[in-house]
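**Q** Hey, dropping protein.txt in here, compact mmCIF, C-alpha atoms:
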# COMPACT_ATOMS: atom_id res chain seq x y z
CA MET P 289 -16.78 -4.49 -5.50
CA LYS P 290 -15.93 -8.06 -6.51
CA ASP P 291 -18.34 -10.02 -4.35
CA ASN P 292 -21.23 -7.66 -4.78
CA LYS P 293 -20.59 -6.89 -8.45
CA ILE P 294 -20.65 -3.16 -7.82
CA GLY P 295 -19.94 -1.30 -11.06
CA PHE P 296 -18.15 1.99 -11.21
CA LEU P 297 -19.34 4.54 -13.78
CA LYS P 298 -16.99 7.01 -15.40
CA LEU P 299 -17.63 10.55 -14.33
CA PHE P 300 -18.95 12.79 -17.07
CA PHE P 301 -19.93 16.45 -17.12
CA LEU P 302 -22.55 17.66 -19.54
CA ILE P 303 -21.08 20.64 -21.37
CA GLY P 304 -22.68 22.22 -24.41
CA GLY P 305 -24.76 19.17 -25.25
CA GLY P 306 -21.69 16.86 -25.28
CA PHE P 307 -19.86 14.81 -22.73
CA MET P 308 -16.38 15.52 -21.45
CA LEU P 309 -14.43 13.03 -19.40
CA PHE P 310 -13.46 14.49 -16.06
CA MET P 311 -9.88 13.77 -15.12
CA ALA P 312 -9.39 13.88 -11.36
CA SER P 313 -6.38 15.79 -10.09
CA SER P 314 -6.29 14.54 -6.51
CA CYS P 315 -2.95 13.26 -5.26
CA LYS P 316 -2.27 9.58 -4.80
CA HIS P 317 -1.14 8.33 -1.41
CA GLU P 318 1.15 5.40 -1.97
CA GLY P 319 0.99 3.56 1.35
CA ILE P 320 3.70 1.89 3.39
CA PRO P 321 6.63 0.19 1.59
CA ALA P 322 6.65 -3.60 2.06
CA ASP P 323 9.87 -3.64 4.06
CA GLN P 324 8.38 -1.40 6.76
CA PHE P 325 5.60 -3.83 7.67
CA PRO P 326 6.05 -6.50 10.35
CA GLU P 327 7.79 -9.40 8.64
CA VAL P 328 5.59 -12.01 7.02
CA CYS P 329 6.30 -15.30 8.75
CA PHE P 330 7.69 -17.95 6.38
CA GLN P 331 6.97 -20.84 8.70
CA THR P 332 3.24 -20.31 9.25
CA GLU P 333 2.17 -17.97 6.46
CA VAL P 334 4.26 -18.72 3.35
CA LEU P 335 5.41 -22.34 3.56
CA PRO P 336 1.87 -23.78 3.91
CA ILE P 337 0.78 -21.98 0.73
CA PHE P 338 3.62 -23.52 -1.28
CA GLN P 339 3.25 -26.95 0.30
CA ASN P 340 -0.51 -27.21 -0.17
CA SER P 341 -0.77 -25.58 -3.60
CA CYS P 342 2.54 -26.24 -5.36
CA GLY P 343 4.65 -28.83 -3.52
CA THR P 344 2.19 -31.65 -4.05
CA THR P 345 2.79 -35.10 -5.50
CA GLY P 346 3.11 -34.93 -9.25
CA CYS P 347 3.83 -31.23 -9.23
CA HIS P 348 6.70 -29.57 -7.33
CA SER P 349 7.38 -32.02 -4.52
CA SER P 350 10.79 -33.63 -4.02
CA GLY P 351 12.14 -34.47 -7.48
CA GLY P 352 9.07 -32.82 -8.99
CA GLY P 353 8.31 -30.80 -12.10
CA HIS P 354 11.04 -28.77 -13.82
CA GLY P 355 13.48 -29.50 -11.00
CA TYR P 356 11.63 -27.37 -8.46
CA ASN P 357 10.82 -28.56 -4.96
CA PHE P 358 8.38 -26.31 -3.13
CA THR P 359 8.15 -28.33 0.06
CA ASP P 360 10.91 -26.56 2.02
CA TYR P 361 12.74 -23.22 2.22
CA SER P 362 15.84 -24.18 0.26
CA GLY P 363 13.80 -25.56 -2.60
CA ILE P 364 11.47 -22.56 -2.74
CA MET P 365 14.40 -20.14 -2.75
CA LYS P 366 15.65 -21.59 -6.07
CA ALA P 367 12.66 -19.83 -7.66
CA ILE P 368 12.88 -16.63 -5.60
CA THR P 369 14.82 -13.40 -6.13
CA ALA P 370 14.91 -11.99 -2.62
CA GLY P 371 13.66 -8.40 -2.51
CA ASN P 372 12.09 -8.49 -5.97
CA ALA P 373 8.83 -10.37 -6.44
CA ASP P 374 8.50 -9.42 -10.12
CA LYS P 375 11.80 -11.14 -10.94
CA SER P 376 10.99 -14.25 -8.88
CA LYS P 377 10.04 -17.24 -11.04
CA ALA P 378 7.68 -18.57 -8.37
CA TYR P 379 5.78 -15.29 -8.17
CA GLN P 380 5.74 -14.95 -11.96
CA ALA P 381 4.12 -18.39 -12.15
CA ILE P 382 1.35 -17.74 -9.65
CA THR P 383 0.44 -14.44 -11.35
CA SER P 384 0.91 -15.46 -14.99
CA THR P 385 -1.93 -15.23 -17.50
CA PHE P 386 -0.20 -17.72 -19.81
CA GLN P 387 1.22 -20.58 -17.72
CA LEU P 388 -0.61 -20.08 -14.46
CA MET P 389 0.44 -22.10 -11.44
CA PRO P 390 -1.21 -24.00 -9.88
CA PRO P 391 -2.72 -25.06 -13.25
CA ASN P 392 -6.39 -24.16 -13.66
CA ASN P 393 -6.61 -23.09 -10.02
CA ALA P 394 -5.21 -19.62 -9.35
CA LEU P 395 -4.21 -18.80 -5.80
CA PRO P 396 -6.53 -16.31 -4.08
CA ILE P 397 -5.25 -12.76 -4.27
CA ASP P 398 -4.62 -12.56 -0.52
CA LYS P 399 -2.26 -15.57 -0.69
CA ARG P 400 -0.45 -14.07 -3.67
CA THR P 401 -0.07 -10.84 -1.71
CA THR P 402 1.35 -12.72 1.28
CA ILE P 403 3.98 -14.32 -0.94
CA ARG P 404 4.83 -11.01 -2.61
CA LEU P 405 5.22 -9.20 0.72
CA TRP P 406 7.47 -11.98 1.99
CA ILE P 407 9.68 -11.75 -1.11
CA GLU P 408 9.83 -7.93 -1.02
CA GLN P 409 10.85 -8.10 2.65
CA GLY P 410 13.86 -10.25 1.74
CA ALA P 411 12.37 -13.77 1.61
CA LYS P 412 13.82 -14.73 4.99
CA GLU P 413 13.31 -18.09 6.69
CA THR P 414 11.63 -16.45 9.66
CA THR P 415 10.81 -18.46 12.75
CA CYS P 416 7.47 -17.69 14.37
CA GLY P 417 6.23 -17.26 17.88
CA SER P 418 2.99 -18.55 19.38
CA THR P 419 1.02 -15.75 17.72
CA GLY P 420 2.13 -16.91 14.27
CA SER P 421 3.92 -13.67 13.45
CA ALA P 422 7.63 -13.39 12.83
CA VAL P 423 9.76 -13.14 15.94
CA THR P 424 12.25 -10.67 14.50
CA THR P 425 11.21 -7.41 12.88
CA LYS P 426 13.41 -4.54 11.79
CA SER P 427 13.63 -1.25 13.61
CA GLY P 428 11.01 1.19 12.39
CA THR P 429 8.36 -1.47 11.65
CA LEU P 430 4.92 0.01 11.13
CA TRP P 431 1.45 -1.39 11.67
CA ALA P 432 -0.91 -0.21 8.95
CA CYS P 433 -3.69 1.70 10.63
CA TYR P 434 -6.74 3.59 9.47
CA ASP P 435 -6.21 7.29 10.11
CA ARG P 436 -2.51 7.48 9.23
CA ASP P 437 -2.37 5.02 6.31
CA ILE P 438 -5.76 3.87 5.03
CA GLN P 439 -7.92 7.01 5.05
CA PRO P 440 -5.44 9.07 2.95
CA ILE P 441 -5.40 6.34 0.27
CA LEU P 442 -9.19 6.09 0.19
CA MET P 443 -9.73 9.85 0.29
CA SER P 444 -7.43 10.43 -2.70
CA SER P 445 -8.53 7.47 -4.81
CA CYS P 446 -12.04 6.37 -3.81
CA ALA P 447 -13.92 8.91 -1.68
CA VAL P 448 -13.84 11.55 -4.43
CA SER P 449 -16.63 13.58 -5.96
CA GLY P 450 -18.74 11.46 -8.26
CA CYS P 451 -17.64 8.19 -6.69
CA HIS P 452 -17.62 7.12 -3.05
CA ASN P 453 -17.60 10.23 -0.90
CA ALA P 454 -20.27 11.15 1.64
CA THR P 455 -22.23 13.21 -0.88
CA THR P 456 -22.20 10.97 -3.94
CA HIS P 457 -21.86 7.48 -2.36
CA LYS P 458 -22.06 5.79 -5.76
CA ASP P 459 -23.79 2.39 -5.56
CA GLY P 460 -24.36 3.00 -1.85
CA VAL P 461 -20.64 2.83 -1.07
CA ASP P 462 -19.02 5.54 1.06
CA PHE P 463 -15.32 5.52 2.00
CA SER P 464 -15.23 8.90 3.70
CA SER P 465 -15.21 7.54 7.26
CA TYR P 466 -13.99 4.57 9.25
CA ALA P 467 -17.52 3.37 10.04
CA LYS P 468 -18.52 3.37 6.36
CA THR P 469 -15.26 1.74 5.26
CA LEU P 470 -15.79 -1.01 7.81
CA GLU P 471 -18.94 -2.01 5.93
CA ARG P 472 -16.78 -2.97 2.94
CA ILE P 473 -14.24 -5.20 4.69
CA LYS P 474 -14.18 -8.51 6.52
CA PRO P 475 -11.77 -7.89 9.42
CA GLY P 476 -8.98 -10.45 9.39
CA ASN P 477 -9.81 -11.70 5.91
CA PRO P 478 -8.73 -9.57 2.93
CA GLY P 479 -9.72 -12.30 0.48
CA THR P 480 -13.43 -11.96 1.30
CA SER P 481 -13.39 -8.18 1.72
CA PRO P 482 -15.22 -6.29 -1.07
CA LEU P 483 -12.81 -3.34 -0.76
CA TYR P 484 -9.71 -5.49 -1.25
CA ASN P 485 -11.25 -7.57 -4.02
CA SER P 486 -12.20 -4.46 -5.98
CA ILE P 487 -8.72 -2.90 -5.89
CA THR P 488 -7.13 -6.20 -6.97
CA ALA P 489 -9.70 -7.17 -9.64
CA LYS P 490 -8.73 -7.33 -13.30
CA GLN P 491 -8.43 -3.87 -14.81
CA ASN P 492 -11.27 -2.86 -17.12
CA SER P 493 -13.64 -5.26 -15.36
CA ASP P 494 -16.88 -3.82 -13.98
CA ASN P 495 -15.78 -4.25 -10.38
CA PHE P 496 -12.25 -2.80 -10.66
CA MET P 497 -11.52 0.22 -8.48
CA PRO P 498 -10.52 2.97 -9.05
CA PRO P 499 -12.10 3.00 -12.52
CA ALA P 500 -10.68 4.79 -15.55
CA PRO P 501 -9.64 7.57 -15.87
CA TYR P 502 -8.22 7.21 -12.36
CA SER P 503 -4.90 5.38 -11.99
CA PRO P 504 -4.85 1.97 -10.26
CA LEU P 505 -3.55 1.90 -6.71
CA SER P 506 0.16 1.23 -6.33
CA LYS P 507 1.40 -2.08 -4.95
CA ALA P 508 2.37 -0.30 -1.73
CA ALA P 509 -1.15 1.07 -1.31
CA ILE P 510 -2.70 -2.34 -1.99
CA ASP P 511 -0.30 -3.97 0.46
CA THR P 512 -1.15 -1.37 3.09
CA ILE P 513 -4.88 -2.04 2.78
CA TYR P 514 -4.24 -5.79 2.79
CA SER P 515 -2.14 -5.59 5.96
CA TRP P 516 -4.67 -3.37 7.71
CA ILE P 517 -7.55 -5.74 6.97
CA LYS P 518 -5.43 -8.80 7.84
CA ARG P 519 -4.68 -7.36 11.27
CA GLY P 520 -8.38 -6.74 11.91
CA GLY P 521 -9.24 -3.45 10.22
CA LEU P 522 -8.89 -1.61 13.51
CA ASN P 523 -9.45 2.08 14.23
CA GLU P 524 -6.74 2.22 16.84
CA GLU P 525 -4.36 5.00 17.79
CA CYS P 526 -1.35 4.58 15.55
CA ALA P 527 1.55 6.88 16.21
CA SER P 528 4.52 6.37 13.91
CA PRO P 529 7.86 5.37 15.41
CA CYS P 530 9.18 8.82 16.14
CA ASP P 531 12.33 10.08 17.80
CA THR P 532 13.00 13.75 18.55
CA THR P 533 16.14 13.27 20.61
CA GLY P 534 19.72 13.57 19.44
CA ALA P 535 20.82 14.10 15.85
CA ILE P 536 18.10 14.04 13.20
CA ASN P 537 19.24 13.13 9.69
CA TYR P 538 17.49 12.82 6.36
CA THR P 539 18.00 9.10 5.69
CA SER P 540 17.02 7.84 9.14
CA HIS P 541 14.23 10.27 10.01
CA ILE P 542 12.99 12.53 7.22
CA GLN P 543 13.04 10.36 4.10
CA SER P 544 10.27 8.01 5.26
CA ILE P 545 8.02 10.98 6.16
CA ILE P 546 8.50 12.50 2.71
CA GLU P 547 7.99 9.20 0.88
CA LEU P 548 4.83 8.27 2.77
CA ASP P 549 3.16 11.67 2.92
CA CYS P 550 4.55 13.93 0.20
CA VAL P 551 5.93 12.09 -2.83
CA SER P 552 2.46 11.02 -3.98
CA CYS P 553 1.74 14.67 -4.84
CA HIS P 554 5.30 15.88 -5.41
CA GLY P 555 6.82 13.11 -7.50
CA ALA P 556 8.49 13.26 -10.90
CA ASN P 557 5.39 13.54 -13.08
CA ASN P 558 3.59 16.89 -12.88
CA PRO P 559 4.49 17.59 -9.24
CA SER P 560 1.87 19.62 -7.42
CA GLY P 561 2.66 23.34 -7.44
CA GLY P 562 5.82 22.59 -9.42
CA ILE P 563 7.48 21.40 -6.20
CA LYS P 564 9.40 18.11 -6.52
CA LEU P 565 10.40 16.16 -3.40
CA LEU P 566 12.09 13.06 -4.79
CA THR P 567 15.63 13.48 -3.45
CA ALA P 568 17.31 14.80 -0.33
CA SER P 569 18.49 17.76 -2.40
CA ASP P 570 14.91 18.49 -3.56
CA VAL P 571 13.63 18.45 0.01
CA GLN P 572 16.52 20.57 1.27
CA THR P 573 15.83 23.23 -1.37
CA VAL P 574 12.15 23.49 -0.43
CA ALA P 575 12.97 23.42 3.29
CA LYS P 576 15.42 26.30 2.93
CA SER P 577 12.71 28.38 1.27
CA GLY P 578 10.50 27.97 4.34
CA LYS P 579 7.73 26.37 2.30
CA LEU P 580 8.14 22.86 3.68
CA LEU P 581 7.72 23.67 7.34
CA GLY P 582 5.10 26.33 6.60
CA ALA P 583 2.97 23.80 4.73
CA LEU P 584 3.44 21.03 7.30
CA ASN P 585 2.55 23.42 10.13
CA ARG P 586 -0.45 24.57 8.06
CA LYS P 587 0.49 28.20 8.62
CA SER P 588 -1.49 31.09 7.16
CA GLY P 589 -0.15 31.99 3.74
CA TYR P 590 0.92 28.42 2.94
CA LYS P 591 -1.07 25.66 1.29
CA ALA P 592 -1.61 23.01 3.97
CA MET P 593 0.22 19.79 3.25
CA PRO P 594 -0.73 16.99 3.12
CA PRO P 595 -4.04 18.52 2.00
CA ASP P 596 -6.40 15.97 3.57
CA TYR P 597 -4.77 15.43 6.97
CA ALA P 598 -2.10 16.83 9.25
CA LEU P 599 1.16 15.07 10.10
CA SER P 600 1.70 14.09 13.69
CA THR P 601 3.28 16.64 16.00
CA CYS P 602 6.30 14.36 16.31
CA ASP P 603 6.83 14.09 12.54
CA VAL P 604 6.64 17.87 12.12
CA ARG P 605 9.05 18.30 15.02
CA GLN P 606 11.53 15.93 13.34
CA VAL P 607 11.44 18.05 10.19
CA GLU P 608 11.92 21.19 12.26
CA LEU P 609 14.92 19.70 14.09
CA TRP P 610 16.42 18.46 10.81
CA ILE P 611 16.24 22.02 9.49
CA ASN P 612 17.64 23.54 12.69
CA GLN P 613 20.50 21.04 12.75
CA GLY P 614 21.67 21.93 9.24
CA TYR P 615 19.77 19.71 6.78
CA ASN P 616 22.10 16.70 7.20
I'd like the structure from this file rewritten - as structure tokens, please.
**A**
Amino acid sequence: MKDNKIGFLKLFFLIGGGFMLFMASSCKHEGIPADQFPEVCFQTEVLPIFQNSCGTTGCHSSGGGHGYNFTDYSGIMKAITAGNADKSKAYQAITSTFQLMPPNNALPIDKRTTIRLWIEQGAKETTCGSTGSAVTTKSGTLWACYDRDIQPILMSSCAVSGCHNATTHKDGVDFSSYAKTLERIKPGNPGTSPLYNSITAKQNSDNFMPPAPYSPLSKAAIDTIYSWIKRGGLNEECASPCDTTGAINYTSHIQSIIELDCVSCHGANNPSGGIKLLTASDVQTVAKSGKLLGALNRKSGYKAMPPDYALSTCDVRQVELWINQGYN
């Protein structure tokens, strides 16, 4: 972890007097896409970052450097590509290793994440209520919560044999339960949370997690952990928005279930069991074979999916209704 300088050792097995690097095969759980989180509030969360760190006198205030004015929404938007942080000049500047902005004083990772989430959500000029969160959120908004979103990420990337499971607990760190995970976060403050700092540290540094040969967490997984900690790192009941009335269709009901809970194992590269679930056609083919519902219902004779946890009754029922209604 960043604050505690916890190092992660590569996992080796002693075979025949030599060492062989053990490549983990566990599936990655990608987390919630940015646009499904409650909207980041421009007024109270994003604007102050730009005003205090970039839109200062002599830098990017009115009539400032390179023609950019980062003191108001219209000026900031000249350096933003809504929906795509990586193509936004402002985001490129605050994450650059060559011409970092602000100069010689990088923004903390939690502030950079706030800006990225805001851009990925459409970079709207949201007005905020008394709680400081955006007044308007899209239908289907999700709160990141532990058992549905955080535990699957940690179980597939951190709480694995040889690292931070209940048996190994490398360096005294165990991510196999909520209570143990809570020891590695500062509720409400991702920037001072050892868990968050380790997954956003520079790759190849001693405190970066997951270490090689494991793949880094995806942006969606990092954002999910960030949002969960920001909201307080709670262990609350967290049912997904779920509707089992009327017509059930792939785009509105099934796609998000597949993307959040299945694609991490059944994506394009070496899909588990040779089963790919990237498109509606892929999912329809597997559903027609009976394998999809059999796995989700964890029936005898089928490999339970997802392997580490069961989908909610409502999610499984949506899949069942989608099948019964003709795979539309």
**Q** By how many Å are atom CA of P:Gly363 and atom CA of P:Val334 apart?
**A**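 Atom CA of P:Val334 lies at a distance of 13.2 Å from atom CA of P:Gly363.
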**Q** Any chance you could tabulate, as CSV, the residues of stretch 434-507 of chain P at most 12 Å from stretch 585-603 of chain P with each one's nearest atom pair and distance in Å to one decimal, using all atoms listed in the file, in chain and rising number order?
**A**
residue,atom,partner,partner_atom,distance
P:Asp435,CA,P:Tyr597,CA,8.8
P:Arg436,CA,P:Leu599,CA,8.5
P:Asp437,CA,P:Tyr597,CA,10.7
P:Ile438,CA,P:Tyr597,CA,11.8
P:Gln439,CA,P:Tyr597,CA,9.2
P:Pro440,CA,P:Asp596,CA,7.0
P:Ile441,CA,P:Asp596,CA,10.2
P:Leu442,CA,P:Asp596,CA,10.8
P:Met443,CA,P:Asp596,CA,7.7
P:Ser444,CA,P:Asp596,CA,8.4
P:Ala447,CA,P:Asp596,CA,11.6
P:Val448,CA,P:Asp596,CA,11.8
P:Ser464,CA,P:Asp596,CA,11.3
**Q** Could you write those residues out with C-alpha atoms, as a CSV table (one decimal), in the frame of the given file?
**A**
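The resulting file, out.csv, is reproduced below:
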chain,number,residue,atom,x,y,z
P,435,ASP,CA,-6.2,7.3,10.1
P,436,ARG,CA,-2.5,7.5,9.2
P,437,ASP,CA,-2.4,5.0,6.3
P,438,ILE,CA,-5.8,3.9,5.0
P,439,GLN,CA,-7.9,7.0,5.0
P,440,PRO,CA,-5.4,9.1,3.0
P,441,ILE,CA,-5.4,6.3,0.3
P,442,LEU,CA,-9.2,6.1,0.2
P,443,MET,CA,-9.7,9.8,0.3
P,444,SER,CA,-7.4,10.4,-2.7
P,447,ALA,CA,-13.9,8.9,-1.7
P,448,VAL,CA,-13.8,11.6,-4.4
P,464,SER,CA,-15.2,8.9,3.7
**Q** Set the distance at 12 Å and use all atoms listed in the file: which residues neighbour P:Ala411 once local chain neighbours fewer than 2 positions away are removed? I'd like the list as a PDB file with C-alpha atoms, in the coordinates of the input.
**A**
ATOM      1  CA  ALA P 322       6.650  -3.600   2.060  1.00  0.00           C
ATOM      2  CA  ASP P 323       9.870  -3.640   4.060  1.00  0.00           C
ATOM      3  CA  GLU P 327       7.790  -9.400   8.640  1.00  0.00           C
ATOM      4  CA  VAL P 328       5.590 -12.010   7.020  1.00  0.00           C
ATOM      5  CA  CYS P 329       6.300 -15.300   8.750  1.00  0.00           C
ATOM      6  CA  PHE P 330       7.690 -17.950   6.380  1.00  0.00           C
ATOM      7  CA  GLN P 331       6.970 -20.840   8.700  1.00  0.00           C
ATOM      8  CA  VAL P 334       4.260 -18.720   3.350  1.00  0.00           C
ATOM      9  CA  LEU P 335       5.410 -22.340   3.560  1.00  0.00           C
ATOM     10  CA  TYR P 361      12.740 -23.220   2.220  1.00  0.00           C
ATOM     11  CA  SER P 362      15.840 -24.180   0.260  1.00  0.00           C
ATOM     12  CA  ILE P 364      11.470 -22.560  -2.740  1.00  0.00           C
ATOM     13  CA  MET P 365      14.400 -20.140  -2.750  1.00  0.00           C
ATOM     14  CA  LYS P 366      15.650 -21.590  -6.070  1.00  0.00           C
ATOM     15  CA  ALA P 367      12.660 -19.830  -7.660  1.00  0.00           C
ATOM     16  CA  ILE P 368      12.880 -16.630  -5.600  1.00  0.00           C
ATOM     17  CA  THR P 369      14.820 -13.400  -6.130  1.00  0.00           C
ATOM     18  CA  ALA P 370      14.910 -11.990  -2.620  1.00  0.00           C
ATOM     19  CA  GLY P 371      13.660  -8.400  -2.510  1.00  0.00           C
ATOM     20  CA  ASN P 372      12.090  -8.490  -5.970  1.00  0.00           C
ATOM     21  CA  ALA P 373       8.830 -10.370  -6.440  1.00  0.00           C
ATOM     22  CA  SER P 376      10.990 -14.250  -8.880  1.00  0.00           C
ATOM     23  CA  TYR P 379       5.780 -15.290  -8.170  1.00  0.00           C
ATOM     24  CA  THR P 402       1.350 -12.720   1.280  1.00  0.00           C
ATOM     25  CA  ILE P 403       3.980 -14.320  -0.940  1.00  0.00           C
ATOM     26  CA  ARG P 404       4.830 -11.010  -2.610  1.00  0.00           C
ATOM     27  CA  LEU P 405       5.220  -9.200   0.720  1.00  0.00           C
ATOM     28  CA  TRP P 406       7.470 -11.980   1.990  1.00  0.00           C
ATOM     29  CA  ILE P 407       9.680 -11.750  -1.110  1.00  0.00           C
ATOM     30  CA  GLU P 408       9.830  -7.930  -1.020  1.00  0.00           C
ATOM     31  CA  GLN P 409      10.850  -8.100   2.650  1.00  0.00           C
ATOM     32  CA  GLU P 413      13.310 -18.090   6.690  1.00  0.00           C
ATOM     33  CA  THR P 414      11.630 -16.450   9.660  1.00  0.00           C
TER      34      THR P 414
END
**Q** Just how far from atom CA of P:Tyr434 is atom CA of P:Asn495, in Å to one decimal?
**A**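 Straight-line distance from atom CA of P:Asn495 to atom CA of P:Tyr434 works out to 23.2 Å.
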**Q** Of the residues P:Lys490, P:Lys474, P:His541, P:Lys377, which is the one nearest to P:Ile513, using all atoms listed in the file?
**A** P:Lys474
**Q** Find the residue from P:Trp610, P:Phe463, P:Tyr615, P:Phe358 that sits nearest to P:Thr533; use only C-alpha atoms when measuring.
**A**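 Closest to P:Thr533, using only C-alpha atoms: P:Trp610.
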**Q** To one decimal place, how far is atom CA of P:Ala508 from atom CA of P:Pro321 in Å?
**A** 5.4 Å
**Q** Check the smallest atom-to-atom distance from each of P:Gln606, P:Asn558, P:Ser341, P:Ser481 to P:Tyr538 using all atoms listed in the file, then report the winner.
**A**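 Ranking P:Gln606, P:Asn558, P:Ser341, P:Ser481 by distance to P:Tyr538, first place goes to P:Gln606.
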**Q** Taking all atoms listed in the file into account, which of P:Gly450, P:Gly460, P:Gly355, P:Gly476 comes nearest P:Asp398?
**A**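 Of all the options, P:Gly476 lies closest to P:Asp398.
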**Q** Point out the residue among P:Tyr356, P:Tyr484, P:Tyr466, P:Trp516 with the least atom-to-atom distance to P:Phe338, counting only C-alpha atoms.
**A** P:Tyr356
